[in-house]
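**Q** Pasting a structure here, questions to come.
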Amino acid sequence: MENNIFGKTNVEVSKLGLGLAQVGFQLGKKEFQTANTILNTALDNGINFLDTAAMYLQSESIVGNSVGHRRDEYFLATKAGTGRTTSPDSEWTYAKIKDSVENSLINLKTEIIDLVQLHSCETHLLEQGDVIRALQDCKLEGKIKYMGYSGDNEAAEWAVKSNLFDTLQTSYSISDQRARTKNILNEANKRNLGIIAKRPIGNASLLGVKNHNNGQTHEHFGSAYDEYFERVMQMTKEIDLDLNELDPIEMSMAFALSKKEINVIIIGSKNLNHVEENLSYMTKNLDKYKNLINQYENIYEKLDDNWRQLT
């Protein structure tokens, strides 16, 4: 597994990280053994970046119970807040963010969390400052090492330009390139923020296009999938491409990994086989996709009809 320096933190993190939303939402404690195998397999194979969140149901406690004893082997990132931009302002207070961090410390079975990220709050809440001050105080108290923002569009731009955060987590994939076209990645890189790409395979939308073209019913892979699928369908029609000649997931990973500004891409799964397949892609030469990546970048800009990042 190749590593990158994670921006101003100067920590080496694996280029592939493990997202843990599905572990919390779809496995939970009832399927702890499956989650435990996934987490330990990831660590055993060089993944050292774990990304969870307080709102991913039992995800944090699963991490603590599964790999808490291996704490020195991974960079631990979690998130505070609801993860929903539609949440009322009353869900985004100083006290609630502070309490969230305290609970995360207990659930994750750690004395300090490497990174706590504000989880998709809107720009006006960032401007108000209480939620940022909560993380700053946690940092001063030695409960967290770094503070970040996880989100998209105008709020992500504000977070980057504020110079108040150490890291940015934002959407980036073939079907969601707004972070590139609106210079969010470039601005974050100029400020030496550690940059995490979420949804780098676009909820497997390119795989859905392949299935669709082969006459199969495409599977729904999450709340953003339908929009991602429609976008990537439009783009792929513009390119002379036979999807049967390539692996859509490998191509999707190559696309996100090609952006040098991005330090780590996070992919989650409830399926051990998928995690092992993703690990295998990291051993391959993905440069063969360079021309196709350029085509998807150009066609995205041509077709972009206010394709905002999906939260």
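Each chain in the structure tokens gets a letter, A, B and so on, in the order shown; residues start at 1 in every chain, and ligands are counted from 1 in the order they appear.
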From a DSSP pass on the backbone, collect the residues of stretch 97-212 of chain A flagged as helix (DSSP H, G or I) and hand them back as a PyMOL selection string.
**A** chain A and resi 97-107+123-128+130-140+153-162+178-181+184-190+202-212
**Q** With 12 Å as the cut-off and only C-alpha atoms counted, what is the closest atom pair between each nearby residue of stretch 60-120 of chain A and stretch 21-24 of chain A? Distances in Å to one decimal, ordered by chain and number, as CSV.
**A**
```
residue,atom,partner,partner_atom,distance
A:Glu60,CA,A:Gly24,CA,7.7
A:Ser61,CA,A:Gly24,CA,8.9
A:Ile62,CA,A:Gly24,CA,7.7
A:Val63,CA,A:Val23,CA,9.2
A:Ser66,CA,A:Val23,CA,11.6
A:Thr78,CA,A:Ala21,CA,10.7
A:Lys79,CA,A:Ala21,CA,11.2
A:Gly83,CA,A:Ala21,CA,11.2
```
**Q** Limited to all heavy atoms, could you put the picked residues into a file as a compact mmCIF listing (two decimals), in the first residue's frame?
**A**
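Ended up saving to part38.txt:
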```txt
# COMPACT_ATOMS: atom_id res chain seq x y z
N GLU A 60 -18.90 3.65 15.53
CA GLU A 60 -17.79 4.01 16.42
C GLU A 60 -17.53 2.93 17.45
O GLU A 60 -16.37 2.57 17.71
CB GLU A 60 -18.07 5.35 17.12
CG GLU A 60 -17.95 6.56 16.23
CD GLU A 60 -18.09 7.85 17.01
OE1 GLU A 60 -18.79 7.86 18.05
OE2 GLU A 60 -17.49 8.85 16.60
N SER A 61 -18.57 2.42 18.06
CA SER A 61 -18.37 1.39 19.09
C SER A 61 -17.83 0.10 18.48
O SER A 61 -17.06 -0.63 19.13
CB SER A 61 -19.67 1.12 19.86
OG SER A 61 -20.69 0.67 19.00
N ILE A 62 -18.21 -0.20 17.25
CA ILE A 62 -17.66 -1.37 16.56
C ILE A 62 -16.16 -1.19 16.35
O ILE A 62 -15.38 -2.11 16.57
CB ILE A 62 -18.38 -1.60 15.22
CG1 ILE A 62 -19.81 -2.10 15.48
CG2 ILE A 62 -17.62 -2.61 14.36
CD1 ILE A 62 -20.68 -2.13 14.23
N VAL A 63 -15.76 0.00 15.93
CA VAL A 63 -14.32 0.28 15.76
C VAL A 63 -13.59 0.09 17.08
O VAL A 63 -12.54 -0.56 17.16
CB VAL A 63 -14.10 1.71 15.22
CG1 VAL A 63 -12.61 2.07 15.23
CG2 VAL A 63 -14.65 1.84 13.81
N SER A 66 -13.50 -3.60 18.03
CA SER A 66 -12.80 -4.46 17.08
C SER A 66 -11.29 -4.20 17.06
O SER A 66 -10.49 -5.12 17.17
CB SER A 66 -13.37 -4.26 15.68
OG SER A 66 -12.59 -4.95 14.71
N THR A 78 -13.17 10.74 12.86
CA THR A 78 -14.62 10.64 13.03
C THR A 78 -15.24 11.99 12.73
O THR A 78 -14.54 12.94 12.35
CB THR A 78 -14.99 10.12 14.44
OG1 THR A 78 -16.38 9.77 14.45
CG2 THR A 78 -14.70 11.16 15.52
N LYS A 79 -16.54 12.09 12.91
CA LYS A 79 -17.25 13.33 12.59
C LYS A 79 -18.26 13.62 13.69
O LYS A 79 -18.83 12.71 14.28
CB LYS A 79 -17.98 13.21 11.24
CG LYS A 79 -17.09 12.72 10.10
CD LYS A 79 -17.88 12.59 8.80
CE LYS A 79 -17.11 11.78 7.79
NZ LYS A 79 -17.17 10.31 8.09
N GLY A 83 -24.65 15.13 9.93
CA GLY A 83 -24.40 14.65 8.59
C GLY A 83 -25.45 15.07 7.58
O GLY A 83 -25.43 14.63 6.44
```
**Q** Which residues come within 10 Å of A:Ser87, counting only C-alpha atoms, excluding same-chain residues fewer than 6 positions away, as a VMD selection string?
**A** chain A and resid 81 120 to 122
**Q** When distances are computed from only C-alpha atoms, which of A:Val160, A:Ile293, A:Leu39, A:Met235 shows the smallest separation from A:Asn186?
**A** A:Val160
**Q** Need the shell around A:Ser14: protein/DNA/RNA residues with any atom at most 9 Å away, counting only C-alpha atoms. Skip same-chain ones fewer than 5 positions apart. Format as a PyMOL selection string?
**A** chain A and resi 1-5+46-49+263-265
**Q** Would you save the residues of that selection, restricted to N, CA and C atoms, as a compact mmCIF listing (two decimals), in the first residue's frame?
**A**
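As a result, result32.txt now contains:
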```txt
# COMPACT_ATOMS: atom_id res chain seq x y z
N MET A 1 0.84 -1.19 0.00
CA MET A 1 0.00 0.00 0.00
C MET A 1 0.88 1.25 0.00
N GLU A 2 0.64 2.13 -0.95
CA GLU A 2 1.36 3.40 -0.99
C GLU A 2 0.71 4.39 -0.03
N ASN A 3 1.56 5.27 0.52
CA ASN A 3 1.08 6.28 1.46
C ASN A 3 1.27 7.68 0.89
N ASN A 4 0.56 8.62 1.45
CA ASN A 4 0.73 10.04 1.16
C ASN A 4 0.90 10.80 2.46
N ILE A 5 1.58 11.94 2.39
CA ILE A 5 1.61 12.86 3.54
C ILE A 5 0.28 13.60 3.59
N GLY A 46 -2.45 -2.94 5.09
CA GLY A 46 -1.83 -1.63 4.87
C GLY A 46 -2.73 -0.43 4.93
N ILE A 47 -4.04 -0.61 5.06
CA ILE A 47 -4.92 0.54 5.25
C ILE A 47 -4.72 1.06 6.67
N ASN A 48 -4.38 2.33 6.79
CA ASN A 48 -4.16 2.89 8.13
C ASN A 48 -5.02 4.13 8.38
N PHE A 49 -6.05 4.32 7.56
CA PHE A 49 -6.94 5.47 7.70
C PHE A 49 -8.37 4.95 7.84
N ASN A 263 -5.22 13.20 -0.86
CA ASN A 263 -4.29 12.38 -0.09
C ASN A 263 -4.80 10.98 0.16
N VAL A 264 -6.12 10.85 0.35
CA VAL A 264 -6.70 9.53 0.66
C VAL A 264 -8.12 9.47 0.13
N ILE A 265 -8.46 8.34 -0.50
CA ILE A 265 -9.84 8.09 -0.91
C ILE A 265 -10.43 7.08 0.07
```
**Q** As a VMD selection string, please: every residue in stretch 9-144 of chain A that a backbone DSSP assignment puts in strand (DSSP E).
**A** chain A and resid 12 to 14 16 to 19 49 to 51 75 to 80 113 to 119 144
**Q** What's around A:Tyr172 at 8 Å? Count only C-alpha atoms, leave out sequence neighbours fewer than 5 positions away in its own chain, and write the answer as a list in words.
**A**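 Contacts, with the query itself left out: Gln177, Arg178, Ala179, Ala197, Lys198, Arg199, Pro200, Gly202 and Ala256 of chain A.
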**Q** Go ahead and write the selection's residues with all heavy atoms as a PDB file, in the first residue's frame.
**A**
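This is the output file selection-v6.pdb:
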```pdb
ATOM      1  N   GLN A 177     -17.561  15.932 -10.049  1.00  0.00           N
ATOM      2  CA  GLN A 177     -16.245  16.564 -10.199  1.00  0.00           C
ATOM      3  C   GLN A 177     -16.229  18.033  -9.802  1.00  0.00           C
ATOM      4  O   GLN A 177     -15.278  18.758 -10.077  1.00  0.00           O
ATOM      5  CB  GLN A 177     -15.768  16.432 -11.653  1.00  0.00           C
ATOM      6  CG  GLN A 177     -15.647  15.002 -12.140  1.00  0.00           C
ATOM      7  CD  GLN A 177     -15.177  14.921 -13.582  1.00  0.00           C
ATOM      8  OE1 GLN A 177     -14.297  15.670 -14.027  1.00  0.00           O
ATOM      9  NE2 GLN A 177     -15.761  14.015 -14.350  1.00  0.00           N
ATOM     10  N   ARG A 178     -17.261  18.480  -9.135  1.00  0.00           N
ATOM     11  CA  ARG A 178     -17.398  19.897  -8.781  1.00  0.00           C
ATOM     12  C   ARG A 178     -16.213  20.397  -7.945  1.00  0.00           C
ATOM     13  O   ARG A 178     -15.815  21.553  -8.061  1.00  0.00           O
ATOM     14  CB  ARG A 178     -18.688  20.079  -7.996  1.00  0.00           C
ATOM     15  CG  ARG A 178     -19.217  21.496  -7.972  1.00  0.00           C
ATOM     16  CD  ARG A 178     -19.844  21.879  -9.297  1.00  0.00           C
ATOM     17  NE  ARG A 178     -20.708  23.034  -9.144  1.00  0.00           N
ATOM     18  CZ  ARG A 178     -21.391  23.577 -10.149  1.00  0.00           C
ATOM     19  NH1 ARG A 178     -21.304  23.081 -11.353  1.00  0.00           N
ATOM     20  NH2 ARG A 178     -22.157  24.624  -9.953  1.00  0.00           N
ATOM     21  N   ALA A 179     -15.653  19.542  -7.115  1.00  0.00           N
ATOM     22  CA  ALA A 179     -14.523  19.965  -6.282  1.00  0.00           C
ATOM     23  C   ALA A 179     -13.327  20.361  -7.131  1.00  0.00           C
ATOM     24  O   ALA A 179     -12.498  21.178  -6.713  1.00  0.00           O
ATOM     25  CB  ALA A 179     -14.134  18.855  -5.311  1.00  0.00           C
ATOM     26  N   ALA A 197     -11.125  12.232  -0.202  1.00  0.00           N
ATOM     27  CA  ALA A 197     -12.206  12.116  -1.182  1.00  0.00           C
ATOM     28  C   ALA A 197     -13.214  11.096  -0.705  1.00  0.00           C
ATOM     29  O   ALA A 197     -12.890   9.920  -0.518  1.00  0.00           O
ATOM     30  CB  ALA A 197     -11.652  11.714  -2.542  1.00  0.00           C
ATOM     31  N   LYS A 198     -14.444  11.552  -0.485  1.00  0.00           N
ATOM     32  CA  LYS A 198     -15.526  10.621  -0.155  1.00  0.00           C
ATOM     33  C   LYS A 198     -16.273  10.244  -1.433  1.00  0.00           C
ATOM     34  O   LYS A 198     -16.231  10.973  -2.428  1.00  0.00           O
ATOM     35  CB  LYS A 198     -16.482  11.214   0.876  1.00  0.00           C
ATOM     36  CG  LYS A 198     -17.222  12.469   0.431  1.00  0.00           C
ATOM     37  CD  LYS A 198     -18.207  12.929   1.490  1.00  0.00           C
ATOM     38  CE  LYS A 198     -18.913  14.220   1.069  1.00  0.00           C
ATOM     39  NZ  LYS A 198     -19.988  14.607   1.995  1.00  0.00           N
ATOM     40  N   ARG A 199     -16.941   9.094  -1.418  1.00  0.00           N
ATOM     41  CA  ARG A 199     -17.678   8.578  -2.574  1.00  0.00           C
ATOM     42  C   ARG A 199     -16.827   8.545  -3.841  1.00  0.00           C
ATOM     43  O   ARG A 199     -17.287   8.964  -4.916  1.00  0.00           O
ATOM     44  CB  ARG A 199     -18.927   9.407  -2.842  1.00  0.00           C
ATOM     45  CG  ARG A 199     -19.968   9.349  -1.742  1.00  0.00           C
ATOM     46  CD  ARG A 199     -21.121  10.261  -2.088  1.00  0.00           C
ATOM     47  NE  ARG A 199     -22.160  10.234  -1.088  1.00  0.00           N
ATOM     48  CZ  ARG A 199     -23.094  11.175  -0.970  1.00  0.00           C
ATOM     49  NH1 ARG A 199     -23.094  12.204  -1.791  1.00  0.00           N
ATOM     50  NH2 ARG A 199     -24.028  11.090  -0.043  1.00  0.00           N
ATOM     51  N   PRO A 200     -15.585   8.088  -3.791  1.00  0.00           N
ATOM     52  CA  PRO A 200     -14.716   8.148  -4.974  1.00  0.00           C
ATOM     53  C   PRO A 200     -15.143   7.236  -6.117  1.00  0.00           C
ATOM     54  O   PRO A 200     -14.738   7.462  -7.262  1.00  0.00           O
ATOM     55  CB  PRO A 200     -13.346   7.737  -4.427  1.00  0.00           C
ATOM     56  CG  PRO A 200     -13.666   6.869  -3.253  1.00  0.00           C
ATOM     57  CD  PRO A 200     -14.889   7.491  -2.635  1.00  0.00           C
ATOM     58  N   GLY A 202     -18.332   6.944  -6.798  1.00  0.00           N
ATOM     59  CA  GLY A 202     -19.636   7.479  -7.182  1.00  0.00           C
ATOM     60  C   GLY A 202     -20.775   6.516  -6.962  1.00  0.00           C
ATOM     61  O   GLY A 202     -21.648   6.356  -7.820  1.00  0.00           O
ATOM     62  N   ALA A 256     -10.270   8.869  -9.193  1.00  0.00           N
ATOM     63  CA  ALA A 256     -10.081   9.650  -7.959  1.00  0.00           C
ATOM     64  C   ALA A 256      -8.615   9.690  -7.545  1.00  0.00           C
ATOM     65  O   ALA A 256      -8.113  10.734  -7.104  1.00  0.00           O
ATOM     66  CB  ALA A 256     -10.936   9.074  -6.843  1.00  0.00           C
TER      67      ALA A 256
END
```
**Q** Between A:Asp242, A:Asp287, A:Glu73, A:Glu230, which residue has the minimum interatomic distance to A:Leu257, considering only C-alpha atoms?
**A**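 So, comparing all the options, the nearest one is A:Asp287.
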**Q** Show me, as a list in words, the residues that have an atom within 9 Å of A:Thr236 when counting only C-alpha atoms, minus same-chain residues fewer than 4 positions from it.
**A** Leu206, Val209, Arg231, Val232, Asp240, Leu241, Tyr296 and Ile299 of chain A
**Q** Taking into account only C-alpha atoms, which residue in the set A:Glu261, A:Asp99, A:Asp114, A:Glu157 is nearest to A:Ala134?
**A**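 Answer, going by the shortest atom-to-atom distance: A:Asp99.
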**Q** I need the residue nearest A:Asn294 from this list: A:Val275, A:Ile239, A:Met253, A:Ala35. Use only C-alpha atoms for the distance.
**A**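 Of all the options, A:Ile239 lies closest to A:Asn294.
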**Q** What separation in Å, quoted to one decimal, exists between atom CA of A:Phe229 and atom CA of A:Gly268?
**A** 18.7 Å
**Q** Suppose you want the space between atom CA of A:Leu118 and atom CA of A:Gly148; what is it in Å?
**A**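 Atom-to-atom, atom CA of A:Leu118 to atom CA of A:Gly148, that is 6.4 Å.
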**Q** Measuring between only C-alpha atoms, which one of A:Gln309, A:Ser162, A:Ser269, A:Ser258 shows the shortest distance to A:Lys290?
**A**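 Ranked by minimum distance to A:Lys290, first place goes to A:Ser258.
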**Q** At a cut-off of 7 Å, using only C-alpha atoms, what residues contact stretch 164-170 of chain A? Leave out same-chain residues fewer than 3 positions from it and give the result as a PDB file with C-alpha atoms, in the first residue's frame.
**A**
```
ATOM      1  CA  LYS A   8      -0.270  19.959   7.255  1.00  0.00           C
ATOM      2  CA  TYR A 146      -6.726  17.896  14.230  1.00  0.00           C
ATOM      3  CA  MET A 147      -9.998  19.467  13.164  1.00  0.00           C
ATOM      4  CA  GLY A 148     -11.603  19.182   9.754  1.00  0.00           C
ATOM      5  CA  TYR A 149     -14.683  19.880   7.702  1.00  0.00           C
ATOM      6  CA  SER A 150     -16.618  17.198   5.826  1.00  0.00           C
ATOM      7  CA  GLY A 151     -18.996  18.571   3.232  1.00  0.00           C
ATOM      8  CA  ASP A 152     -19.491  20.079  -0.185  1.00  0.00           C
ATOM      9  CA  ALA A 159     -14.117  25.980   5.266  1.00  0.00           C
ATOM     10  CA  LEU A 193      -4.990  20.864   3.992  1.00  0.00           C
ATOM     11  CA  GLY A 194      -5.158  17.097   4.216  1.00  0.00           C
ATOM     12  CA  ILE A 195      -7.698  16.154   1.542  1.00  0.00           C
ATOM     13  CA  ILE A 196     -10.038  13.156   1.768  1.00  0.00           C
ATOM     14  CA  ALA A 197     -12.206  12.116  -1.182  1.00  0.00           C
ATOM     15  CA  LYS A 198     -15.526  10.621  -0.155  1.00  0.00           C
TER      16      LYS A 198
END
```
**Q** Choose the residue, out of A:Ile267, A:Leu272, A:Ile184, A:Leu16, that has the smallest atom-to-atom separation from A:Thr37; count only C-alpha atoms.
**A** A:Leu272
